[in-house]
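Here's the structure, in structure tokens; my notes come after.
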Amino acid sequence: MMKHNELKKKYIQAAYEIICVDGRIGVTIRRLGKMLDCNAASLYRCFQDLDELFLYTGLKYVKSYLRDLYDLLQEPTNNMQRYLKVWECFMSHAFANPKMYNSIFFGAYSSKLGTVTEEYYTLLFPQELIQFDEKAQRILIRGSFHTGDSMISQTLLKCVADGFIREENREYLDRLFLQIFKGYLKDFIDGRLKAQNIESVTKEIILYYEEMLSHYLVKSNVPMDVL
């Protein structure tokens with residue numbers, strides 16, 4: 001009998017291959033079973049349902065985002081500018097694959113993202129970390145987007161520590177910007193926005209964020225070029 005982790009990896013890889021060709025709608029328990037010569041019970045021994053499988057599979061889609069994020073974090077800049085750049089990086093990748101990013105970060109199992117990423121990179125696909133140094137690996141297995149553990153939230157915390165904004169405004173801004181982003185993400189999912197508009201939409205949102213941040217900056221602590 002195939003070992004649990006080995007079977008889990010095969011399901012993730014099979015689902016990924018199907019999604020690359022036919023999208024998520026092409027992934028069914030029957031089709032996976034035929035590809036892997038397994039019955040439905042095998043899938044439920046590895047995952048609660050297809051949505052949880054999609055969470056694992058989705059980590060294959062965020063590798064390019066994480067590489068870009070790591071490169072961005074090496075750039076010399078102040079944390080206020082870095083905060084906006086991290087947002088811009090995340091949005092450009094999310095809008096390019098909105099359904100998958102929505103499933104990963106805001107779906108039914110998104111609260112498990114921290115646990116899943118650790119399992120994915122340490123037990124299932126550790127070879128995907130080989131190209132990264134230790135600092136980058138910590139970024140790769142960072143926890144859920146909306147719990148305060150994300151790089152976006154952590155960078156905003158650094159803005160507080162640097163005196164750019166006040167702590168009492170941090171959580172409000174964190175939640176507000178997240179809700180604005182989720183609204184735009186839904187527009188991409190529903191087809192009201194198209195992939196060819198990703199760059200212009202991302203720039204539009206960043207301009208909104210800059211305008212809102214400007215009202216909360218602690219002026220005495222802010223250099224002229226902070227935004």
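Starting from 1 in every chain, residues are counted up; chains themselves are A, B, ... following the order of the structure tokens, and ligands are numbered from 1 as listed.
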
For segment 92-137 of chain A against segment 8-29 of chain A, with a cut-off of 12 Å and counting only C-alpha atoms, what is the closest atom pair and its distance in Å to one decimal for every residue that makes the cut, ordered by chain and number, as a Markdown table?
```
| residue | atom | partner | partner_atom | distance |
| --- | --- | --- | --- | --- |
| A:Asn97 | CA | A:Gly23 | CA | 10.7 |
| A:Pro98 | CA | A:Arg24 | CA | 11.9 |
| A:Lys99 | CA | A:Arg24 | CA | 8.8 |
| A:Met100 | CA | A:Arg24 | CA | 8.4 |
| A:Ser103 | CA | A:Arg24 | CA | 10.7 |
| A:Glu119 | CA | A:Lys9 | CA | 11.1 |
| A:Tyr120 | CA | A:Lys9 | CA | 9.0 |
| A:Tyr121 | CA | A:Lys9 | CA | 11.4 |
| A:Leu123 | CA | A:Lys9 | CA | 9.7 |
| A:Leu124 | CA | A:Lys9 | CA | 6.3 |
| A:Phe125 | CA | A:Lys9 | CA | 7.9 |
| A:Pro126 | CA | A:Lys9 | CA | 11.5 |
```

Grab the residues selected above and save them as a short mmCIF file (atom, residue, chain, number, x, y, z; two decimals), in the first residue's frame with C-alpha atoms.
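So the final result, stored in result.cif, reads:
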```cif
data_model
loop_
_atom_site.label_atom_id
_atom_site.label_comp_id
_atom_site.auth_asym_id
_atom_site.auth_seq_id
_atom_site.Cartn_x
_atom_site.Cartn_y
_atom_site.Cartn_z
CA ASN A 97 -4.79 33.77 -11.08
CA PRO A 98 -7.72 35.10 -9.03
CA LYS A 99 -9.67 31.89 -8.37
CA MET A 100 -6.63 30.03 -7.10
CA SER A 103 -9.04 29.69 -2.65
CA GLU A 119 3.78 20.43 5.77
CA TYR A 120 4.09 21.12 2.05
CA TYR A 121 7.67 22.44 2.24
CA LEU A 123 7.35 16.84 4.42
CA LEU A 124 5.92 16.75 0.91
CA PHE A 125 8.02 18.89 -1.44
CA PRO A 126 11.19 19.98 0.42
#
```

Within 12 Å of Leu193 of chain A using only C-alpha atoms, minus same-chain residues under 3 positions, as a PyMOL selection string:
chain A and resi 95-96+98+183-190+196-202

If I take atom CA of Leu7 of chain A and atom CA of Ser111 of chain A, how far is one from the other in Å, to one decimal?
23.6 Å

Apply DSSP to the structure's backbone, then extract all residues of segment 1-197 of chain A labelled helix (DSSP H, G or I) and return them as an MDAnalysis selection string.
chainID A and resid 4:22 24:26 29:36 40:46 50:58 63:73 79:96 98:106 110:124 126:129 134:140 151:161 167:189 195:197

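Pairwise distance (atom CA of Gly191 of chain A, atom CA of Ile152 of chain A) equals 26.2 Å.
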
Which of these residues is nearest to Leu213 of chain A, using only C-alpha atoms: A:Val62, A:Gln127, A:Gly163, A:Leu84?
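Among the listed residues, the smallest separation from Leu213 of chain A belongs to A:Leu84.
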
Hey, what's within 12 Å of Ile180 of chain A if we count only C-alpha atoms and toss same-chain stuff fewer than 2 positions away? As JSON, numbers by chain, please?
{"A": [87, 91, 173, 174, 175, 176, 177, 178, 182, 183, 184, 185, 186, 187, 202, 204, 205, 206, 208, 209, 212]}

Between atom CA of Gly114 of chain A and atom CA of Glu88 of chain A, what distance in Å does the model show, to one decimal?
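Value for the atom CA of Gly114 of chain A-atom CA of Glu88 of chain A distance: 22.0 Å.
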
I'd like the neighbourhood of Thr155 of chain A as a CSV table (one decimal) with N, CA and C atoms, in the first residue's frame, where a residue qualifies if any of its atoms comes within 9 Å (using only C-alpha atoms), though same-chain residues fewer than 3 positions away should be ignored.
```csv
chain,number,residue,atom,x,y,z
A,79,ASN,N,10.5,51.3,5.0
A,79,ASN,CA,9.4,50.3,5.2
A,79,ASN,C,8.1,50.8,4.7
A,80,MET,N,7.8,52.1,4.7
A,80,MET,CA,6.6,52.6,4.1
A,80,MET,C,6.5,52.3,2.6
A,82,ARG,N,8.3,50.0,1.1
A,82,ARG,CA,8.3,48.5,1.0
A,82,ARG,C,6.9,48.0,1.2
A,83,TYR,N,6.2,48.5,2.1
A,83,TYR,CA,4.8,48.1,2.4
A,83,TYR,C,3.9,48.1,1.1
A,86,VAL,N,5.2,45.5,-1.5
A,86,VAL,CA,4.8,44.2,-1.2
A,86,VAL,C,3.3,44.0,-1.6
A,150,SER,N,1.2,37.6,7.8
A,150,SER,CA,1.7,37.8,6.4
A,150,SER,C,2.8,38.8,6.4
A,151,MET,N,3.5,38.8,5.3
A,151,MET,CA,4.6,39.7,5.1
A,151,MET,C,4.0,41.1,5.0
A,152,ILE,N,2.8,41.3,4.4
A,152,ILE,CA,2.1,42.6,4.3
A,152,ILE,C,1.9,43.2,5.7
A,158,LYS,N,6.3,47.1,11.0
A,158,LYS,CA,7.6,47.8,10.9
A,158,LYS,C,7.4,49.3,10.7
A,159,CYS,N,6.3,49.7,9.9
A,159,CYS,CA,6.0,51.1,9.7
A,159,CYS,C,5.7,51.8,11.0
A,160,VAL,N,5.0,51.0,11.9
A,160,VAL,CA,4.6,51.5,13.2
A,160,VAL,C,5.9,51.7,14.0
```
